[in-house]
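Okay, structure05.cif now, which holds mmCIF, C-alpha atoms:
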```
data_target
loop_
_atom_site.label_atom_id
_atom_site.label_comp_id
_atom_site.auth_asym_id
_atom_site.auth_seq_id
_atom_site.Cartn_x
_atom_site.Cartn_y
_atom_site.Cartn_z
CA MET U 1315 159.58 154.03 -65.99
CA ASN U 1316 160.37 155.06 -62.41
CA MET U 1317 159.13 158.59 -63.12
CA ARG U 1318 155.87 157.21 -64.54
CA ARG U 1319 155.49 154.87 -61.55
CA ASN U 1320 156.14 157.72 -59.12
CA PHE U 1321 153.63 159.96 -60.91
CA LEU U 1322 150.92 157.29 -60.74
CA ALA U 1323 151.65 156.68 -57.08
CA ALA U 1324 151.40 160.39 -56.33
CA ALA U 1325 148.15 160.69 -58.27
CA LEU U 1326 146.71 157.70 -56.45
CA ALA U 1327 147.74 159.13 -53.09
CA ALA U 1328 146.15 162.48 -53.94
CA THR U 1329 142.92 160.82 -55.06
CA THR U 1330 142.84 158.69 -51.92
CA ALA U 1331 143.44 161.73 -49.75
CA LEU U 1332 140.70 163.64 -51.53
CA ALA U 1333 138.24 160.76 -51.17
CA GLY U 1334 139.22 160.38 -47.54
CA GLY U 1335 138.70 164.08 -46.98
CA ASN U 1336 135.24 163.92 -48.55
CA ALA U 1337 134.36 160.89 -46.46
CA LEU U 1338 135.52 162.66 -43.30
CA ALA U 1339 133.52 165.75 -44.22
CA GLN U 1340 130.41 163.65 -44.76
CA ALA U 1341 131.01 161.71 -41.55
CA ALA U 1342 131.30 164.99 -39.62
CA TYR U 1343 128.10 166.40 -41.11
CA PRO U 1344 126.67 168.68 -39.99
CA THR U 1345 129.32 171.18 -38.92
CA LYS U 1346 127.13 174.30 -39.24
CA PRO U 1347 123.42 175.27 -39.14
CA ILE U 1348 121.08 173.72 -41.70
CA THR U 1349 118.45 175.73 -43.54
CA LEU U 1350 115.05 174.12 -44.07
CA VAL U 1351 113.20 176.07 -46.75
CA VAL U 1352 109.42 176.38 -46.41
CA PRO U 1353 107.49 177.45 -49.54
CA PHE U 1354 104.72 179.18 -47.59
CA ALA U 1355 104.16 181.97 -45.10
CA ALA U 1356 105.28 181.92 -41.48
CA GLY U 1357 102.47 180.77 -39.23
CA GLY U 1358 100.81 178.69 -41.94
CA PRO U 1359 100.22 174.94 -41.58
CA THR U 1360 103.38 173.80 -43.40
CA ASP U 1361 105.45 176.37 -41.52
CA VAL U 1362 104.12 175.08 -38.18
CA VAL U 1363 105.03 171.51 -39.15
CA ALA U 1364 108.49 172.62 -40.31
CA ARG U 1365 109.29 174.58 -37.15
CA THR U 1366 108.10 171.77 -34.89
CA LEU U 1367 110.22 169.22 -36.76
CA GLY U 1368 113.21 171.54 -37.09
CA GLN U 1369 113.37 172.14 -33.37
CA ALA U 1370 113.37 168.40 -32.67
CA MET U 1371 115.85 167.63 -35.47
CA THR U 1372 118.28 170.10 -33.89
CA LYS U 1373 118.57 167.78 -30.89
CA SER U 1374 119.65 164.86 -33.07
CA LEU U 1375 121.86 166.75 -35.51
CA GLY U 1376 123.66 168.89 -32.94
CA GLN U 1377 123.22 171.93 -35.19
CA THR U 1378 120.43 174.48 -35.43
CA VAL U 1379 117.83 173.91 -38.14
CA ILE U 1380 116.94 177.37 -39.43
CA ILE U 1381 113.53 177.85 -41.07
CA GLU U 1382 113.53 180.08 -44.15
CA ASN U 1383 110.19 181.05 -45.69
CA LYS U 1384 110.56 181.56 -49.43
CA LEU U 1385 107.15 182.37 -50.90
CA GLY U 1386 105.85 182.53 -54.44
CA ALA U 1387 104.10 180.68 -57.26
CA GLY U 1388 102.40 178.05 -55.15
CA GLY U 1389 105.64 176.77 -53.65
CA THR U 1390 107.59 176.51 -56.91
CA VAL U 1391 109.91 179.44 -56.06
CA ALA U 1392 111.19 177.61 -52.98
CA ALA U 1393 111.50 174.28 -54.76
CA ALA U 1394 113.44 175.84 -57.65
CA TYR U 1395 115.72 177.61 -55.16
CA VAL U 1396 116.59 174.39 -53.34
CA SER U 1397 117.06 172.46 -56.59
CA ARG U 1398 119.85 174.92 -57.48
CA ALA U 1399 121.47 174.96 -54.04
CA ALA U 1400 124.80 173.32 -53.26
CA PRO U 1401 124.30 169.56 -52.76
CA ASP U 1402 125.96 169.52 -49.36
CA GLY U 1403 123.03 168.92 -47.02
CA TYR U 1404 122.88 172.46 -45.67
CA THR U 1405 119.89 173.58 -47.74
CA LEU U 1406 116.84 171.34 -47.56
CA LEU U 1407 113.21 171.66 -48.63
CA ILE U 1408 109.98 170.70 -46.94
CA ASN U 1409 106.99 170.73 -49.26
CA HIS U 1410 103.48 169.34 -49.28
CA ASN U 1411 101.32 167.94 -52.12
CA GLY U 1412 102.41 170.85 -54.30
CA MET U 1413 105.59 168.93 -55.08
CA ALA U 1414 103.41 166.49 -57.04
CA THR U 1415 100.69 168.76 -58.44
CA SER U 1416 103.07 171.43 -59.76
CA THR U 1417 103.90 169.29 -62.80
CA ALA U 1418 100.30 169.57 -64.00
CA LEU U 1419 99.52 173.07 -62.73
CA TYR U 1420 102.48 174.91 -64.25
CA ARG U 1421 103.32 174.88 -67.95
CA LYS U 1422 106.90 176.10 -67.39
CA LEU U 1423 108.13 174.45 -64.22
CA PRO U 1424 111.81 175.40 -63.56
CA TYR U 1425 112.65 172.00 -62.07
CA ASN U 1426 111.63 168.36 -62.31
CA PRO U 1427 110.39 166.93 -58.98
CA LEU U 1428 111.42 163.43 -60.02
CA THR U 1429 114.96 164.12 -61.20
CA ASP U 1430 116.23 167.33 -59.57
CA PHE U 1431 116.10 166.27 -55.92
CA GLU U 1432 117.29 163.63 -53.53
CA TYR U 1433 114.53 162.20 -51.37
CA ILE U 1434 114.92 162.14 -47.58
CA SER U 1435 111.65 161.24 -45.88
CA GLN U 1436 107.99 161.95 -45.50
CA ALA U 1437 107.01 163.43 -42.16
CA VAL U 1438 103.39 164.00 -41.22
CA ASP U 1439 100.01 163.68 -42.90
CA VAL U 1440 97.31 166.26 -42.20
CA PRO U 1441 93.66 165.35 -42.88
CA MET U 1442 91.29 167.72 -44.62
CA THR U 1443 87.78 168.59 -43.46
CA LEU U 1444 84.67 169.62 -45.41
CA LEU U 1445 83.05 172.73 -43.97
CA ALA U 1446 80.31 175.22 -44.76
CA ARG U 1447 79.31 178.59 -43.34
CA LYS U 1448 77.39 178.30 -40.09
CA ASP U 1449 74.02 179.18 -41.63
CA PHE U 1450 74.37 176.89 -44.65
CA PRO U 1451 71.02 175.07 -45.13
CA ALA U 1452 72.29 171.51 -44.62
CA ASN U 1453 72.81 169.82 -41.27
CA ASN U 1454 74.49 166.58 -42.36
CA PHE U 1455 76.28 165.26 -45.42
CA GLN U 1456 73.18 163.72 -46.97
CA GLU U 1457 71.41 167.10 -46.82
CA PHE U 1458 74.58 168.79 -48.02
CA SER U 1459 74.82 166.52 -51.04
CA ALA U 1460 71.20 167.03 -52.03
CA TYR U 1461 71.36 170.81 -51.57
CA VAL U 1462 74.62 171.27 -53.47
CA LYS U 1463 73.39 169.21 -56.42
CA SER U 1464 70.18 171.21 -56.70
CA HIS U 1465 71.73 174.66 -56.12
CA GLN U 1466 75.20 174.27 -57.67
CA ALA U 1467 74.82 177.35 -59.88
CA THR U 1468 74.55 179.61 -56.83
CA ILE U 1469 77.12 178.02 -54.51
CA ASN U 1470 80.71 179.22 -54.20
CA LEU U 1471 83.64 177.13 -53.05
CA GLY U 1472 86.60 178.88 -51.47
CA ASN U 1473 90.23 177.80 -51.60
CA ALA U 1474 93.67 179.05 -50.60
CA GLY U 1475 94.84 179.71 -54.17
CA LEU U 1476 96.24 177.93 -57.20
CA GLY U 1477 97.78 174.60 -56.28
CA ALA U 1478 96.66 174.73 -52.66
CA VAL U 1479 95.42 171.44 -51.28
CA SER U 1480 92.12 173.16 -50.49
CA GLN U 1481 91.73 173.78 -54.22
CA LEU U 1482 92.56 170.17 -55.03
CA CYS U 1483 90.10 168.95 -52.41
CA GLY U 1484 87.40 171.16 -53.93
CA MET U 1485 88.13 169.80 -57.40
CA MET U 1486 87.93 166.25 -56.07
CA LEU U 1487 84.63 167.06 -54.33
CA GLU U 1488 83.11 168.47 -57.53
CA ARG U 1489 84.25 165.44 -59.47
CA ALA U 1490 82.93 162.96 -56.89
CA MET U 1491 79.56 164.71 -56.63
CA GLY U 1492 79.17 165.46 -60.33
CA VAL U 1493 78.72 169.21 -59.80
CA LYS U 1494 80.39 172.45 -60.89
CA LEU U 1495 80.63 175.20 -58.30
CA THR U 1496 81.99 178.74 -58.46
CA SER U 1497 85.62 178.74 -57.34
CA VAL U 1498 86.76 181.65 -55.16
CA PRO U 1499 90.55 181.71 -54.61
CA PHE U 1500 92.21 183.55 -51.73
CA SER U 1501 95.83 184.32 -50.94
CA GLY U 1502 96.07 181.63 -48.26
CA THR U 1503 94.19 179.46 -45.80
CA ALA U 1504 93.70 182.21 -43.21
CA PRO U 1505 91.80 184.64 -45.48
CA ALA U 1506 89.75 181.77 -46.90
CA MET U 1507 88.70 180.74 -43.39
CA THR U 1508 87.93 184.35 -42.48
CA ALA U 1509 85.65 184.56 -45.51
CA LEU U 1510 83.86 181.35 -44.51
CA LEU U 1511 83.35 182.56 -40.95
CA GLY U 1512 82.03 185.86 -42.31
CA GLY U 1513 79.63 184.15 -44.70
CA GLN U 1514 81.29 185.50 -47.87
CA ILE U 1515 81.79 181.95 -49.20
CA ASP U 1516 79.63 178.87 -48.79
CA ILE U 1517 82.00 175.88 -48.67
CA LEU U 1518 85.65 175.27 -47.85
CA CYS U 1519 87.92 172.22 -47.70
CA ASP U 1520 90.69 172.91 -45.23
CA GLN U 1521 93.13 170.98 -43.10
CA THR U 1522 92.70 170.12 -39.46
CA THR U 1523 95.62 172.34 -38.44
CA GLN U 1524 93.25 175.26 -39.01
CA THR U 1525 89.75 173.85 -38.71
CA ILE U 1526 89.63 171.89 -35.46
CA PRO U 1527 89.12 175.00 -33.27
CA GLN U 1528 86.35 176.26 -35.56
CA ILE U 1529 84.65 172.86 -35.56
CA LYS U 1530 84.82 172.43 -31.79
CA ASP U 1531 83.56 175.96 -31.19
CA GLY U 1532 80.59 175.40 -33.54
CA ARG U 1533 81.52 178.34 -35.76
CA VAL U 1534 81.14 176.30 -38.96
CA LYS U 1535 79.09 173.38 -40.20
CA PHE U 1536 81.19 170.25 -40.45
CA TYR U 1537 80.34 167.34 -42.74
CA GLY U 1538 83.24 164.94 -42.47
CA VAL U 1539 86.95 164.23 -42.92
CA THR U 1540 88.61 163.44 -46.21
CA THR U 1541 90.85 160.57 -45.10
CA ARG U 1542 90.30 156.90 -45.79
CA ASN U 1543 89.79 156.18 -42.08
CA ARG U 1544 88.49 158.22 -39.15
CA ILE U 1545 91.09 160.33 -37.39
CA LYS U 1546 92.22 160.50 -33.76
CA ALA U 1547 91.61 164.23 -33.44
CA LEU U 1548 87.92 163.87 -34.40
CA PRO U 1549 87.14 160.23 -33.58
CA ASP U 1550 83.35 160.59 -33.90
CA ALA U 1551 83.49 162.35 -37.25
CA PRO U 1552 82.63 160.14 -40.24
CA THR U 1553 84.70 160.15 -43.39
CA LEU U 1554 83.21 161.38 -46.65
CA ALA U 1555 83.95 157.95 -48.13
CA GLU U 1556 81.76 156.16 -45.59
CA GLN U 1557 78.99 158.68 -46.25
CA GLY U 1558 78.79 157.87 -49.94
CA LEU U 1559 81.76 159.43 -51.76
CA LYS U 1560 83.45 156.18 -52.67
CA ASP U 1561 87.27 156.15 -52.49
CA PHE U 1562 87.34 159.87 -51.59
CA GLU U 1563 90.69 160.61 -49.99
CA VAL U 1564 92.61 163.87 -49.76
CA LEU U 1565 95.27 164.65 -47.20
CA VAL U 1566 98.15 167.05 -46.88
CA TRP U 1567 101.42 165.13 -46.84
CA HIS U 1568 104.85 166.64 -46.22
CA GLY U 1569 108.11 165.43 -47.72
CA ILE U 1570 111.69 166.55 -47.10
CA TYR U 1571 114.13 166.88 -50.01
CA ALA U 1572 117.73 167.83 -50.78
CA PRO U 1573 119.34 169.05 -54.01
CA LYS U 1574 120.28 166.36 -56.51
CA GLY U 1575 123.75 165.02 -55.88
CA THR U 1576 123.71 165.35 -52.11
CA PRO U 1577 125.86 162.46 -50.81
CA LYS U 1578 124.04 159.40 -49.54
CA PRO U 1579 125.69 159.51 -46.09
CA VAL U 1580 124.27 163.01 -45.65
CA ILE U 1581 120.81 161.91 -46.80
CA ASP U 1582 120.96 159.00 -44.37
CA ARG U 1583 122.01 161.29 -41.52
CA VAL U 1584 119.09 163.65 -42.09
CA ASN U 1585 116.71 160.71 -42.45
CA VAL U 1586 117.79 159.45 -39.03
CA ALA U 1587 117.18 162.93 -37.59
CA VAL U 1588 113.69 163.11 -39.12
CA ARG U 1589 112.76 159.69 -37.74
CA ALA U 1590 114.03 160.68 -34.31
CA ALA U 1591 112.03 163.92 -34.45
CA LEU U 1592 108.86 162.02 -35.30
CA LYS U 1593 109.26 160.06 -32.06
CA ASP U 1594 109.96 163.14 -29.94
CA PRO U 1595 107.24 163.59 -27.25
CA ASP U 1596 106.98 167.32 -27.93
CA VAL U 1597 106.47 166.69 -31.66
CA LEU U 1598 103.87 164.00 -31.01
CA LYS U 1599 101.98 166.29 -28.63
CA ARG U 1600 102.02 169.22 -31.06
CA MET U 1601 100.97 167.09 -34.03
CA ALA U 1602 98.09 165.64 -32.02
CA GLU U 1603 96.92 169.16 -31.20
CA LEU U 1604 96.93 169.97 -34.91
CA GLY U 1605 95.14 166.79 -35.91
CA ALA U 1606 98.24 165.75 -37.87
CA GLU U 1607 99.36 162.13 -37.96
CA ILE U 1608 102.87 160.72 -38.27
CA ALA U 1609 103.44 159.20 -41.69
CA PRO U 1610 103.59 155.39 -41.70
CA ASP U 1611 107.00 153.75 -41.58
CA SER U 1612 106.73 152.69 -45.24
CA LYS U 1613 106.90 156.37 -46.25
CA LEU U 1614 109.78 157.38 -43.99
CA SER U 1615 112.57 156.06 -46.22
CA PRO U 1616 113.93 157.94 -49.24
CA GLU U 1617 112.52 155.16 -51.44
CA GLY U 1618 109.14 155.43 -49.74
CA LEU U 1619 108.93 159.18 -50.43
CA GLN U 1620 110.03 158.70 -54.04
CA THR U 1621 107.39 156.03 -54.64
CA TRP U 1622 104.67 158.14 -53.03
CA LEU U 1623 105.60 161.27 -55.00
CA LYS U 1624 105.44 159.41 -58.31
CA ALA U 1625 102.05 157.93 -57.39
CA GLU U 1626 100.70 161.37 -56.43
CA ILE U 1627 101.90 162.89 -59.72
CA ASP U 1628 100.10 160.14 -61.61
CA ARG U 1629 96.98 160.54 -59.47
CA TRP U 1630 96.50 164.32 -59.59
CA GLY U 1631 97.68 165.04 -63.13
CA PRO U 1632 94.47 163.87 -64.88
CA ILE U 1633 92.23 165.57 -62.28
CA ILE U 1634 93.99 168.92 -62.63
CA LYS U 1635 94.07 168.78 -66.41
CA ALA U 1636 90.38 167.91 -66.53
CA GLY U 1637 89.69 170.96 -64.37
CA GLY U 1638 91.51 173.20 -66.85
CA THR U 1639 93.41 175.20 -64.21
CA PHE U 1640 96.95 176.12 -65.23
CA ALA U 1641 99.58 178.80 -64.62
CA ASP U 1642 102.57 179.88 -66.68
#
```
Would you write out, as structure tokens, the structure that this file holds?
Amino acid sequence: MNMRRNFLAAALAATTALAGGNALAQAAYPTKPITLVVPFAAGGPTDVVARTLGQAMTKSLGQTVIIENKLGAGGTVAAAYVSRAAPDGYTLLINHNGMATSTALYRKLPYNPLTDFEYISQAVDVPMTLLARKDFPANNFQEFSAYVKSHQATINLGNAGLGAVSQLCGMMLERAMGVKLTSVPFSGTAPAMTALLGGQIDILCDQTTQTIPQIKDGRVKFYGVTTRNRIKALPDAPTLAEQGLKDFEVLVWHGIYAPKGTPKPVIDRVNVAVRAALKDPDVLKRMAELGAEIAPDSKLSPEGLQTWLKAEIDRWGPIIKAGGTFAD
């Protein structure tokens, strides 16, 4: 009996020590640099957001946040990589709308956005803008609408590739206007914008991080923003919704995720760092320059991001499937 009692006591002590060690490790987090994986190229809009946030998060976490660009398959390569990473808080993912649209765009997705990640926080929302080449024969949205409807067979609509928000915005525009345009995909936002400036494409939906300089310099024709309300960066610009496209809303939102099983204390610690970064004066200044807006407080909790992601999956799935655009 004494031997059995001693064995149980030893086992309990070992378990307690192990649990205490885990708790101490989590309490000490982070003890080394953290990698924030970006699914897109360096210098692109999501990369700029990630680097700006990462620099500010470093101040709060006391460890360097390293940005790693892992490209491929519309962001799914990076997401799959993080879903398989050790759930210790040292490999995180920042991703935009593609986290939601991938479920409809890809027939063989190597992860489940709803079950293979822990949610940390949303970060910033970036409005989209509707543009046309400088010599496009429409000077306001009413003229644009009439011209596109009567010439849809000859008009091409550029985008930054499969799953890009510019593609989704274009699909939403076609649906709202009841037209079908010729889609011209590019390998990213930069070449799509170059093509628009050069007159090789007619129309482009793109985010303010890239379009504000072109709009202010008068190098493109600008018809409105795609958010529900007017934006601070372009306060005089009307929304497409107020110009007749009822309930039209498309924006680029960014969420931060960790591998499934990452301990809650670690998730909470990173969430605190994200919230602190979103109040950092340097971050606020840079986001204002880009036309990006800090996500509302309701989206900054893990639960807020989870709710938003599920709603976005439900929203975009039918639109993408109706458009018939898929990848293996």
Quiz item: In Å to one decimal, how far is atom CA of Asp1596 of chain U from atom CA of Thr1540 of chain U?
Solution: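 Pair atom CA of Thr1540 of chain U / atom CA of Asp1596 of chain U returns 26.2 Å.
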Given the file shown, determine the residues that the PyMOL selection byres ((chain U and resi 1546) around 12) selects; report them as a compact mmCIF listing (two decimals) with C-alpha atoms, in the coordinates of the input.
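In the end it all went to part_39.txt:
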```txt
# COMPACT_ATOMS: atom_id res chain seq x y z
CA VAL U 1440 97.31 166.26 -42.20
CA PRO U 1441 93.66 165.35 -42.88
CA THR U 1522 92.70 170.12 -39.46
CA ILE U 1526 89.63 171.89 -35.46
CA VAL U 1539 86.95 164.23 -42.92
CA THR U 1541 90.85 160.57 -45.10
CA ASN U 1543 89.79 156.18 -42.08
CA ARG U 1544 88.49 158.22 -39.15
CA ILE U 1545 91.09 160.33 -37.39
CA ALA U 1547 91.61 164.23 -33.44
CA LEU U 1548 87.92 163.87 -34.40
CA PRO U 1549 87.14 160.23 -33.58
CA ASP U 1550 83.35 160.59 -33.90
CA ALA U 1551 83.49 162.35 -37.25
CA PRO U 1552 82.63 160.14 -40.24
CA MET U 1601 100.97 167.09 -34.03
CA ALA U 1602 98.09 165.64 -32.02
CA GLU U 1603 96.92 169.16 -31.20
CA LEU U 1604 96.93 169.97 -34.91
CA GLY U 1605 95.14 166.79 -35.91
CA ALA U 1606 98.24 165.75 -37.87
CA GLU U 1607 99.36 162.13 -37.96
CA ILE U 1608 102.87 160.72 -38.27
```
Between segment 1597-1633 of chain U and segment 1587-1590 of chain U, at 12 Å or less, what are the per-residue closest atom pairs and their distances in Å? Count only C-alpha atoms, order by chain and rising residue number, and return it as a Markdown table.
```
| residue | atom | partner | partner_atom | distance |
| --- | --- | --- | --- | --- |
| U:Val1597 | CA | U:Ala1590 | CA | 10.0 |
| U:Leu1598 | CA | U:Ala1590 | CA | 11.2 |
| U:Ile1608 | CA | U:Arg1589 | CA | 10.0 |
| U:Ala1609 | CA | U:Arg1589 | CA | 10.1 |
| U:Pro1610 | CA | U:Arg1589 | CA | 10.9 |
| U:Asp1611 | CA | U:Arg1589 | CA | 9.1 |
| U:Ser1612 | CA | U:Arg1589 | CA | 11.9 |
| U:Lys1613 | CA | U:Arg1589 | CA | 10.9 |
| U:Leu1614 | CA | U:Arg1589 | CA | 7.3 |
| U:Ser1615 | CA | U:Arg1589 | CA | 9.2 |
| U:Pro1616 | CA | U:Val1588 | CA | 11.4 |
```
Quiz prompt | Distance of atom CA of Val1584 of chain U from atom CA of Lys1624 of chain U, expressed in Å to one decimal place | solution =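 Result for atom CA of Lys1624 of chain U versus atom CA of Val1584 of chain U: 21.6 Å, one decimal.
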Practice problem: List, as an MDAnalysis selection string, every residue that the PyMOL selection byres ((chain U and resi 1346) around 10) selects in the file provided. | Solution: chainID U and resid 1343:1345 1347:1349 1375:1379 1404
Please reconstruct the missing atoms of segment 1343-1374 of chain U (target: N, CA and C atoms) and return them as a PDB file, in the frame of the given file.
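Generated file (out-v5.pdb):
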```pdb
ATOM      1  N   TYR U1343     129.322 165.620 -40.859  1.00  0.00           N
ATOM      2  CA  TYR U1343     128.100 166.400 -41.110  1.00  0.00           C
ATOM      3  C   TYR U1343     127.094 166.208 -39.982  1.00  0.00           C
ATOM      4  N   PRO U1344     126.474 167.307 -39.540  1.00  0.00           N
ATOM      5  CA  PRO U1344     126.670 168.680 -39.990  1.00  0.00           C
ATOM      6  C   PRO U1344     127.654 169.433 -39.097  1.00  0.00           C
ATOM      7  N   THR U1345     128.368 170.376 -39.679  1.00  0.00           N
ATOM      8  CA  THR U1345     129.320 171.180 -38.920  1.00  0.00           C
ATOM      9  C   THR U1345     128.867 172.636 -38.798  1.00  0.00           C
ATOM     10  N   LYS U1346     127.681 172.941 -39.326  1.00  0.00           N
ATOM     11  CA  LYS U1346     127.130 174.300 -39.240  1.00  0.00           C
ATOM     12  C   LYS U1346     125.603 174.205 -39.334  1.00  0.00           C
ATOM     13  N   PRO U1347     124.896 175.299 -39.076  1.00  0.00           N
ATOM     14  CA  PRO U1347     123.420 175.270 -39.140  1.00  0.00           C
ATOM     15  C   PRO U1347     122.907 174.833 -40.507  1.00  0.00           C
ATOM     16  N   ILE U1348     121.749 174.209 -40.494  1.00  0.00           N
ATOM     17  CA  ILE U1348     121.080 173.720 -41.700  1.00  0.00           C
ATOM     18  C   ILE U1348     119.845 174.572 -41.949  1.00  0.00           C
ATOM     19  N   THR U1349     119.624 174.934 -43.185  1.00  0.00           N
ATOM     20  CA  THR U1349     118.450 175.730 -43.540  1.00  0.00           C
ATOM     21  C   THR U1349     117.379 174.814 -44.137  1.00  0.00           C
ATOM     22  N   LEU U1350     116.199 174.856 -43.554  1.00  0.00           N
ATOM     23  CA  LEU U1350     115.050 174.120 -44.070  1.00  0.00           C
ATOM     24  C   LEU U1350     114.104 175.131 -44.695  1.00  0.00           C
ATOM     25  N   VAL U1351     113.980 175.084 -46.006  1.00  0.00           N
ATOM     26  CA  VAL U1351     113.200 176.070 -46.750  1.00  0.00           C
ATOM     27  C   VAL U1351     111.735 175.654 -46.779  1.00  0.00           C
ATOM     28  N   VAL U1352     110.873 176.598 -46.413  1.00  0.00           N
ATOM     29  CA  VAL U1352     109.420 176.380 -46.410  1.00  0.00           C
ATOM     30  C   VAL U1352     108.818 177.245 -47.517  1.00  0.00           C
ATOM     31  N   PRO U1353     108.003 176.679 -48.410  1.00  0.00           N
ATOM     32  CA  PRO U1353     107.490 177.450 -49.540  1.00  0.00           C
ATOM     33  C   PRO U1353     106.335 178.396 -49.203  1.00  0.00           C
ATOM     34  N   PHE U1354     105.916 178.425 -47.946  1.00  0.00           N
ATOM     35  CA  PHE U1354     104.720 179.180 -47.590  1.00  0.00           C
ATOM     36  C   PHE U1354     104.980 180.095 -46.401  1.00  0.00           C
ATOM     37  N   ALA U1355     103.989 180.911 -46.078  1.00  0.00           N
ATOM     38  CA  ALA U1355     104.160 181.970 -45.100  1.00  0.00           C
ATOM     39  C   ALA U1355     104.376 181.441 -43.683  1.00  0.00           C
ATOM     40  N   ALA U1356     105.093 182.233 -42.896  1.00  0.00           N
ATOM     41  CA  ALA U1356     105.280 181.920 -41.480  1.00  0.00           C
ATOM     42  C   ALA U1356     103.913 181.898 -40.793  1.00  0.00           C
ATOM     43  N   GLY U1357     103.726 180.898 -39.937  1.00  0.00           N
ATOM     44  CA  GLY U1357     102.470 180.770 -39.230  1.00  0.00           C
ATOM     45  C   GLY U1357     101.453 179.898 -39.929  1.00  0.00           C
ATOM     46  N   GLY U1358     101.700 179.578 -41.206  1.00  0.00           N
ATOM     47  CA  GLY U1358     100.810 178.690 -41.940  1.00  0.00           C
ATOM     48  C   GLY U1358     101.015 177.242 -41.538  1.00  0.00           C
ATOM     49  N   PRO U1359     100.148 176.342 -41.997  1.00  0.00           N
ATOM     50  CA  PRO U1359     100.220 174.940 -41.580  1.00  0.00           C
ATOM     51  C   PRO U1359     101.558 174.270 -41.864  1.00  0.00           C
ATOM     52  N   THR U1360     102.100 174.440 -43.078  1.00  0.00           N
ATOM     53  CA  THR U1360     103.380 173.800 -43.400  1.00  0.00           C
ATOM     54  C   THR U1360     104.508 174.402 -42.585  1.00  0.00           C
ATOM     55  N   ASP U1361     104.438 175.701 -42.346  1.00  0.00           N
ATOM     56  CA  ASP U1361     105.450 176.370 -41.520  1.00  0.00           C
ATOM     57  C   ASP U1361     105.436 175.832 -40.093  1.00  0.00           C
ATOM     58  N   VAL U1362     104.240 175.610 -39.543  1.00  0.00           N
ATOM     59  CA  VAL U1362     104.120 175.080 -38.180  1.00  0.00           C
ATOM     60  C   VAL U1362     104.740 173.685 -38.102  1.00  0.00           C
ATOM     61  N   VAL U1363     104.444 172.856 -39.105  1.00  0.00           N
ATOM     62  CA  VAL U1363     105.030 171.510 -39.150  1.00  0.00           C
ATOM     63  C   VAL U1363     106.557 171.604 -39.234  1.00  0.00           C
ATOM     64  N   ALA U1364     107.053 172.483 -40.105  1.00  0.00           N
ATOM     65  CA  ALA U1364     108.490 172.620 -40.310  1.00  0.00           C
ATOM     66  C   ALA U1364     109.198 173.074 -39.033  1.00  0.00           C
ATOM     67  N   ARG U1365     108.642 174.060 -38.360  1.00  0.00           N
ATOM     68  CA  ARG U1365     109.290 174.580 -37.150  1.00  0.00           C
ATOM     69  C   ARG U1365     109.269 173.556 -36.020  1.00  0.00           C
ATOM     70  N   THR U1366     108.188 172.810 -35.925  1.00  0.00           N
ATOM     71  CA  THR U1366     108.100 171.770 -34.890  1.00  0.00           C
ATOM     72  C   THR U1366     109.140 170.689 -35.153  1.00  0.00           C
ATOM     73  N   LEU U1367     109.237 170.239 -36.401  1.00  0.00           N
ATOM     74  CA  LEU U1367     110.220 169.220 -36.760  1.00  0.00           C
ATOM     75  C   LEU U1367     111.652 169.742 -36.624  1.00  0.00           C
ATOM     76  N   GLY U1368     111.867 170.972 -37.108  1.00  0.00           N
ATOM     77  CA  GLY U1368     113.210 171.540 -37.090  1.00  0.00           C
ATOM     78  C   GLY U1368     113.772 171.641 -35.685  1.00  0.00           C
ATOM     79  N   GLN U1369     112.927 172.025 -34.748  1.00  0.00           N
ATOM     80  CA  GLN U1369     113.370 172.140 -33.370  1.00  0.00           C
ATOM     81  C   GLN U1369     113.802 170.773 -32.819  1.00  0.00           C
ATOM     82  N   ALA U1370     113.025 169.746 -33.145  1.00  0.00           N
ATOM     83  CA  ALA U1370     113.370 168.400 -32.670  1.00  0.00           C
ATOM     84  C   ALA U1370     114.574 167.841 -33.413  1.00  0.00           C
ATOM     85  N   MET U1371     114.698 168.117 -34.710  1.00  0.00           N
ATOM     86  CA  MET U1371     115.850 167.630 -35.470  1.00  0.00           C
ATOM     87  C   MET U1371     117.157 168.233 -34.967  1.00  0.00           C
ATOM     88  N   THR U1372     117.095 169.443 -34.440  1.00  0.00           N
ATOM     89  CA  THR U1372     118.280 170.100 -33.890  1.00  0.00           C
ATOM     90  C   THR U1372     118.907 169.251 -32.781  1.00  0.00           C
ATOM     91  N   LYS U1373     118.056 168.613 -31.994  1.00  0.00           N
ATOM     92  CA  LYS U1373     118.570 167.780 -30.890  1.00  0.00           C
ATOM     93  C   LYS U1373     119.407 166.631 -31.429  1.00  0.00           C
ATOM     94  N   SER U1374     118.957 166.014 -32.512  1.00  0.00           N
ATOM     95  CA  SER U1374     119.650 164.860 -33.070  1.00  0.00           C
ATOM     96  C   SER U1374     120.887 165.254 -33.868  1.00  0.00           C
TER      97      SER U1374
END
```
